[in-house]
Each structure stands twice: as C-alpha cells, then as structure tokens.
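Following: one structure in structure tokens, then a few remarks.
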Amino acid sequence: MWPEVDNTSSISIDPEKQSLLYLHTEKHFTAGEIVRDIIIGVSDGLTVPFALAAGLSGANAPSSIILTAGIAEVAAGAISMGLGGYLAAKSEADHYVREVKREQEEIVTIPDTEAAEVEEMLAHYGVEPHEASPIVNALRNNPQAWLDFMMRFELGLEKPDPKRALQSAFTIAIAYVLGGFIPLFPYIFIPQAMDAVVASVVITLLALFIFGFGKGHFTGSRPFRSAFETAFIGAVASAAAFGLAKVVQL
C-alpha cells in the first residue's frame, strides 16, 4: 500500500535567498508543446494541399475541381492529424500512469534499491555519498517527493496535463485548416488553373517563409535559415507533384 504523505510541513527557505528568488524573473519559453502542435499542423497544412493543388494544376484540372479536392483534403487532413495528435498525447499519458504505478511499487517493496539508485543519480551530478545521504533520507521521509524525483530524474518523465490530448488534437487540426486554405485561396478567384497555380506558389512560398521564420524564432534556431529551409521543402513538394502530374498525363 502506498504510504501516507505528511503535507503539513512547509519548505523552509532562507529569507535572503527567498528575496533573491522573488526578484529573479524567469524568461524561459514554456509553451513548447503548443508551438510544436502548431508547427506540425501549419507545416503539413501548407505543404500537402499546396502539392495537391499544384499536381492537379499540372493535370490541367479546372480551378473548381482543384478547389473542391483541396477543401476535401484539408477537411480529411485536419481530422487525421488531429486524431493523430490526440492518440499520441493519450499514449504518453497512459505510459506515464503505468510508470508511476511501477515506481510506487518499487519504492514500497525495494526501498533500499531505490535509495541506491538515487545516490547513483546524484553521483552523476558530482554529489559525494556523504552529501547524498541527507537527500536520500529526506526523500525516504516524503514518498510523494521521492516518487516525483524518480519519475523526473530516473525515467525523464514529466506529468502530462490531463487536457493535453484534446488540446493537441484541436490545435493541430485548426492549424492544419488555417495553413491548408492559403494555397487554395487563389483558386477561388482565378478560374484558369495554370494562372491560379502561379499565384498559389507565390502566396504559399511567402507564407512558408514567414512561418519558417516564426518557427525558427520560437524554437531558438536561426530564423532566416529555418525560413529558407521551410520554403525550399514546400517548393520541392509542389514541383514534384506538378512534374509527376505532367508525366502521368503524357
């Protein structure tokens, strides 16, 4: 049985150090999961319908047919990508729950082994055995803190947000729809597909460049390099689809 945790005691921090923590403002970027979902949705939304529209244009299909096929693809792609995001986040949450139960059992049944694992982990950070002893004892006296420590430092797992699966699904799906309509937009106003595809290429490559720049900015990589790479990948995808359509047509 999982031991009861004494939550009545509070963490004691030196007042001077507490004031330093109060004055220090963390500026780390913490919306990584949301940005990742947006990147997945928008990048696929821009690239896949773009390549489809270019391919159908190469087959001399009218703009109305390309627009209809593009909208159908955007709808199907958004559902598929959203479902994929949901299942991935749900699997991650299920995996975390399984590992928590396993770690709880080990702390109860083989506490000495788990304590030795804590000392080994601390040793990797340069903590000597005599320095690790008080830490191990403190964790022994607080099973929940011990469990959290093992989940984070032994297994490298963070507790997922219970709403993460649905948030991921909706974020990816909406991002896919927003990205997917950009390359299809010219086909609404230009009846000739070969004229519309030129406008689609210009608009989509510009959107890919802006999106790549933003992606590079938020992920900490070189924004301009990310922008050119993203635009290049989209250009290659559309050119390949257009060329294949021309070859098949022959």
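Please note that chains go A, B, ... in the order of the structure tokens, that every chain numbers its residues from 1, and that ligands are numbered from 1 in the order shown.
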
Neighbouring residues of range 43-54 of chain A were defined as those with any atom within 6 Å, considering only C-alpha atoms; residues of the same chain fewer than 2 positions away were excluded. Please report them as a list in words.
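Those residues are Ile39, Ile40, Gly41, Leu56, Ser57, Ile66, Gly70, Tyr176, Gly179, Gly180, Pro183, Gly234, Ala237, Ser238, Ala241 and Phe242 of chain A.
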
Distance query Arg164 in chain A at most 12 Å, only C-alpha atoms, self and fewer than 2 positions along chain excluded, as a ChimeraX atom specification:
/A:33-34,37,85-93,159-162,166-172

Please provide the set of residues having any atom within 7 Å of Leu184 in chain A, restricted to only C-alpha atoms, with same-chain residues fewer than 2 positions apart removed, written as a list in words.
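Everything that qualifies: Leu67, Gly70, Phe181, Ile182, Pro186, Tyr187 and Ser200 of chain A.
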
Would you kindly return, as a PyMOL selection string, each protein, DNA or RNA residue with an atom no farther than 12 Å from any atom of Leu122 in chain A, considering only C-alpha atoms and excluding same-chain residues fewer than 6 positions away?
chain A and resi 115-116+128-136+149-150+153-154

Could you write those residues out with C-alpha atoms, as an mmCIF file, in the first residue's frame?
```cif
data_model
loop_
_atom_site.group_PDB
_atom_site.id
_atom_site.type_symbol
_atom_site.label_atom_id
_atom_site.label_comp_id
_atom_site.auth_asym_id
_atom_site.auth_seq_id
_atom_site.Cartn_x
_atom_site.Cartn_y
_atom_site.Cartn_z
ATOM 1 C CA ALA A 115 17.677 4.691 -2.465
ATOM 2 C CA ALA A 116 20.833 3.321 -4.059
ATOM 3 C CA GLU A 128 29.527 12.721 -2.869
ATOM 4 C CA PRO A 129 27.993 9.776 -0.916
ATOM 5 C CA HIS A 130 28.157 11.621 2.405
ATOM 6 C CA GLU A 131 26.464 14.613 0.790
ATOM 7 C CA ALA A 132 23.795 12.459 -0.820
ATOM 8 C CA SER A 133 22.829 10.749 2.441
ATOM 9 C CA PRO A 134 20.697 13.630 3.834
ATOM 10 C CA ILE A 135 18.959 13.985 0.471
ATOM 11 C CA VAL A 136 18.132 10.274 0.348
ATOM 12 C CA PHE A 149 12.147 12.621 -8.100
ATOM 13 C CA MET A 150 12.377 9.128 -9.607
ATOM 14 C CA PHE A 153 15.422 12.075 -12.927
ATOM 15 C CA GLU A 154 15.422 8.293 -13.392
#
```

To one decimal in Å, tell me the separation between CA of Gln192 in chain A and CA of Val177 in chain A.
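Going from CA of Gln192 in chain A over to CA of Val177 in chain A, I get 23.9 Å.
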
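Put simply, CA of Ala227 in chain A is 26.4 Å away from CA of Met194 in chain A.
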
By how many Å are CA of Arg225 in chain A and CA of Val197 in chain A apart?
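CA of Arg225 in chain A sits 25.8 Å away from CA of Val197 in chain A.
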
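Shortest separation to Thr68 in chain A among A:Phe211, A:Phe185, A:Phe218, A:Tyr96 occurs at residue A:Phe185, atoms counted being only C-alpha atoms.
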